[in-house]
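Peer 1: This is the structure I have questions about; it appears just below.
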Amino acid sequence: MLSEPRSGRLAAWGNALLAGLVSPDEAVLAIVGDDAVHRVEGLPGEAGPVGLTLALGRLRGLGVAGWRVALPAPGHPLGLSGPPEFNARALEAEEAVVGYGAAFGLVPEVYEAGPAGDVHVEVVWHCLPVREAPPADVPSLGEAERELAEALRDATVVLTRLDVAASGPVAEAALDAYRARTEAGGEVLAPGYPPRAVRVLELAQRVGFLISLAYGNGHGGAVSAWEMAARTEALRPVERVARRAQVAAFNAWVEERERERG
């Protein structure tokens, strides 16, 4: 949860493109990021995969007026609305984007190629029909912000109690790298998003960082199997809150459009 999911980048910059705040080239460059190339497969009217620029333009022409994010996990269909075929594929990928205004969704499939040390990543987005219905379990930005503040306190308490708080040279180096990244001034969301959405996403990423640090920091004081299980059990609801907040932040652009239309 340290970095933006690919679906988050596509939704955020896709929405900025729909709003006329960025050019198609700017949007695609931001969506692709460090990957080698992104293509879209299953687009209506196309026999094979096409580039992102063509795909986003075609989907806009088909009625897509905004993009929402889904970050589902087993037992938690966060952001999904069906049908089962789309939900299953999104759950396997652990992410998806869902069109607003037209019943299309995109699920990424990631491929790695190349020798060790020179691996490049290609992404194919599968375009599938979705059900036009409210997304599952997505909180408002206000709810997400309140939940996150509590989750951040809970995560700190849990990590301290189980003796897996940020300590030692490896953890300190990770914290230093995180601080440098967050202080670099990079855009957290695309243009057009409300400041509160940016704030919520930043806080969700901070909570996610604490969770990933806890899981990746060895056993710490949780030397027994029971203590390790207790750590996982205690952090699971915190991780769930952080995922819900990420979705709320990425979906804020569409939620504002819905409010404006009444």
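So you can find residues: chains in the structure tokens are A, B, ... in the order shown, residues in each start at 1, and ligands are numbered from 1 in order.
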Pick out the residues sitting within 10 Å of region 69-77 of chain A, and hand them over as a ChimeraX atom specification; count only C-alpha atoms, and ignore anything fewer than 2 positions along from it in its own chain.

Peer 2: /A:5-12,67,79-82,87-88,90-99,105-107,135-138,240,243-244,246-251

Peer 1: Using DSSP on the backbone coordinates, identify the residues of region 3-251 of chain A assigned to strand (DSSP E or B); present them as a VMD selection string.

Peer 2: chain A and resid 37 to 41 50 to 51 66 to 70 73 76 96 to 100 104 to 113 120 to 129

Peer 1: Got time to write the residues from that selection, N, CA and C atoms, as a CSV table (one decimal), in the first residue's frame?

Peer 2:
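Produced file out-v3.csv, reproduced below:
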```
chain,number,residue,atom,x,y,z
A,37,VAL,N,4.8,-0.5,-20.9
A,37,VAL,CA,3.7,-0.1,-21.8
A,37,VAL,C,2.4,-0.7,-21.2
A,38,HIS,N,1.3,0.0,-21.5
A,38,HIS,CA,-0.1,-0.4,-21.1
A,38,HIS,C,-0.9,-0.5,-22.3
A,39,ARG,N,-1.7,-1.6,-22.4
A,39,ARG,CA,-2.6,-1.8,-23.5
A,39,ARG,C,-4.0,-2.2,-22.9
A,40,VAL,N,-5.0,-2.0,-23.7
A,40,VAL,CA,-6.4,-2.4,-23.3
A,40,VAL,C,-6.9,-3.4,-24.3
A,41,GLU,N,-7.4,-4.5,-23.7
A,41,GLU,CA,-8.0,-5.6,-24.5
A,41,GLU,C,-9.5,-5.8,-24.3
A,50,VAL,N,-5.3,-2.4,-27.8
A,50,VAL,CA,-5.0,-1.1,-28.3
A,50,VAL,C,-4.3,-0.3,-27.2
A,51,GLY,N,-3.7,0.8,-27.6
A,51,GLY,CA,-3.1,1.7,-26.7
A,51,GLY,C,-4.0,2.4,-25.8
A,66,GLY,N,-16.5,9.2,-15.9
A,66,GLY,CA,-15.7,9.2,-14.7
A,66,GLY,C,-15.2,7.8,-14.4
A,67,TRP,N,-14.2,7.7,-13.5
A,67,TRP,CA,-13.6,6.4,-13.2
A,67,TRP,C,-13.6,6.3,-11.7
A,68,ARG,N,-14.0,5.2,-11.2
A,68,ARG,CA,-13.9,4.8,-9.8
A,68,ARG,C,-12.9,3.7,-9.6
A,69,VAL,N,-12.4,3.5,-8.4
A,69,VAL,CA,-11.4,2.5,-8.1
A,69,VAL,C,-12.1,1.4,-7.2
A,70,ALA,N,-11.7,0.2,-7.4
A,70,ALA,CA,-12.0,-0.9,-6.5
A,70,ALA,C,-10.7,-1.6,-6.1
A,73,ALA,N,-10.5,-7.5,-1.6
A,73,ALA,CA,-9.7,-8.5,-1.0
A,73,ALA,C,-10.7,-9.7,-0.6
A,76,HIS,N,-14.1,-9.2,1.1
A,76,HIS,CA,-14.3,-7.7,1.1
A,76,HIS,C,-14.3,-7.2,-0.3
A,96,ALA,N,-9.2,-2.8,-9.6
A,96,ALA,CA,-9.9,-2.6,-10.9
A,96,ALA,C,-10.4,-1.2,-10.9
A,97,VAL,N,-10.8,-0.7,-12.1
A,97,VAL,CA,-11.4,0.6,-12.3
A,97,VAL,C,-12.8,0.3,-12.9
A,98,VAL,N,-13.8,1.1,-12.4
A,98,VAL,CA,-15.1,1.0,-12.8
A,98,VAL,C,-15.6,2.3,-13.4
A,99,GLY,N,-16.2,2.2,-14.6
A,99,GLY,CA,-16.7,3.4,-15.3
A,99,GLY,C,-17.9,3.9,-14.7
A,100,TYR,N,-18.0,5.2,-14.7
A,100,TYR,CA,-19.2,6.0,-14.2
A,100,TYR,C,-19.9,6.6,-15.4
A,104,PHE,N,-18.8,-0.1,-18.1
A,104,PHE,CA,-17.5,-0.7,-18.5
A,104,PHE,C,-16.5,-0.7,-17.3
A,105,GLY,N,-15.8,-1.7,-17.2
A,105,GLY,CA,-14.7,-1.8,-16.1
A,105,GLY,C,-13.4,-2.3,-16.7
A,106,LEU,N,-12.3,-2.0,-16.1
A,106,LEU,CA,-11.0,-2.4,-16.5
A,106,LEU,C,-10.3,-3.1,-15.4
A,107,VAL,N,-9.7,-4.3,-15.7
A,107,VAL,CA,-8.9,-5.0,-14.7
A,107,VAL,C,-7.5,-5.2,-15.2
A,108,PRO,N,-6.5,-4.9,-14.5
A,108,PRO,CA,-5.1,-5.0,-15.0
A,108,PRO,C,-4.6,-6.5,-14.9
A,109,GLU,N,-3.8,-6.9,-15.8
A,109,GLU,CA,-3.0,-8.1,-15.8
A,109,GLU,C,-1.6,-7.7,-16.1
A,110,VAL,N,-0.7,-8.0,-15.1
A,110,VAL,CA,0.7,-7.6,-15.2
A,110,VAL,C,1.6,-8.7,-15.6
A,111,TYR,N,2.5,-8.3,-16.6
A,111,TYR,CA,3.5,-9.3,-17.1
A,111,TYR,C,4.9,-8.7,-16.9
A,112,GLU,N,5.8,-9.6,-16.5
A,112,GLU,CA,7.2,-9.2,-16.4
A,112,GLU,C,8.0,-9.9,-17.4
A,113,ALA,N,9.0,-9.3,-18.0
A,113,ALA,CA,9.8,-9.9,-19.0
A,113,ALA,C,11.2,-9.3,-18.9
A,120,HIS,N,11.3,-5.6,-17.4
A,120,HIS,CA,10.4,-4.6,-17.7
A,120,HIS,C,9.0,-5.1,-17.5
A,121,VAL,N,8.1,-4.2,-17.2
A,121,VAL,CA,6.7,-4.6,-16.9
A,121,VAL,C,5.7,-4.1,-18.0
A,122,GLU,N,4.9,-5.0,-18.4
A,122,GLU,CA,3.8,-4.6,-19.4
A,122,GLU,C,2.5,-4.9,-18.7
A,123,VAL,N,1.5,-4.1,-19.0
A,123,VAL,CA,0.2,-4.2,-18.3
A,123,VAL,C,-0.9,-4.3,-19.4
A,124,VAL,N,-1.7,-5.3,-19.3
A,124,VAL,CA,-2.9,-5.4,-20.2
A,124,VAL,C,-4.1,-5.2,-19.4
A,125,TRP,N,-4.9,-4.2,-19.7
A,125,TRP,CA,-6.2,-3.9,-19.0
A,125,TRP,C,-7.3,-4.6,-19.8
A,126,HIS,N,-8.0,-5.5,-19.1
A,126,HIS,CA,-9.1,-6.2,-19.7
A,126,HIS,C,-10.4,-5.4,-19.5
A,127,CYS,N,-11.0,-5.0,-20.6
A,127,CYS,CA,-12.3,-4.3,-20.6
A,127,CYS,C,-13.5,-5.3,-20.5
A,128,LEU,N,-14.3,-5.1,-19.5
A,128,LEU,CA,-15.4,-6.0,-19.2
A,128,LEU,C,-16.6,-5.3,-18.9
A,129,PRO,N,-17.8,-5.9,-19.1
A,129,PRO,CA,-19.0,-5.2,-18.6
A,129,PRO,C,-19.2,-5.2,-17.1
```

Peer 1: Could you work out how far CA of Pro195 (chain A) lies from CA of Glu132 (chain A), giving the answer in Å with one decimal?

Peer 2: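 These two atoms are separated by 27.9 Å.
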
Peer 1: Could you please write out, as a PyMOL selection string, every residue of region 9-220 of chain A that DSSP assigns to alpha helix (DSSP H)?

Peer 2: chain A and resi 9-18+24-32+52-61+84-93+141-161+168-183+195-216

Peer 1: What separation in Å, quoted to one decimal, exists between CA of Glu85 (chain A) and CA of Val130 (chain A)?

Peer 2: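 CA of Val130 (chain A) lies at a distance of 8.9 Å from CA of Glu85 (chain A).
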
Peer 1: Taking into account only C-alpha atoms, which residue in the set A:Val64, A:Gln205, A:Val188, A:Gly45 is nearest to Leu18 (chain A)?

Peer 2: A:Val64
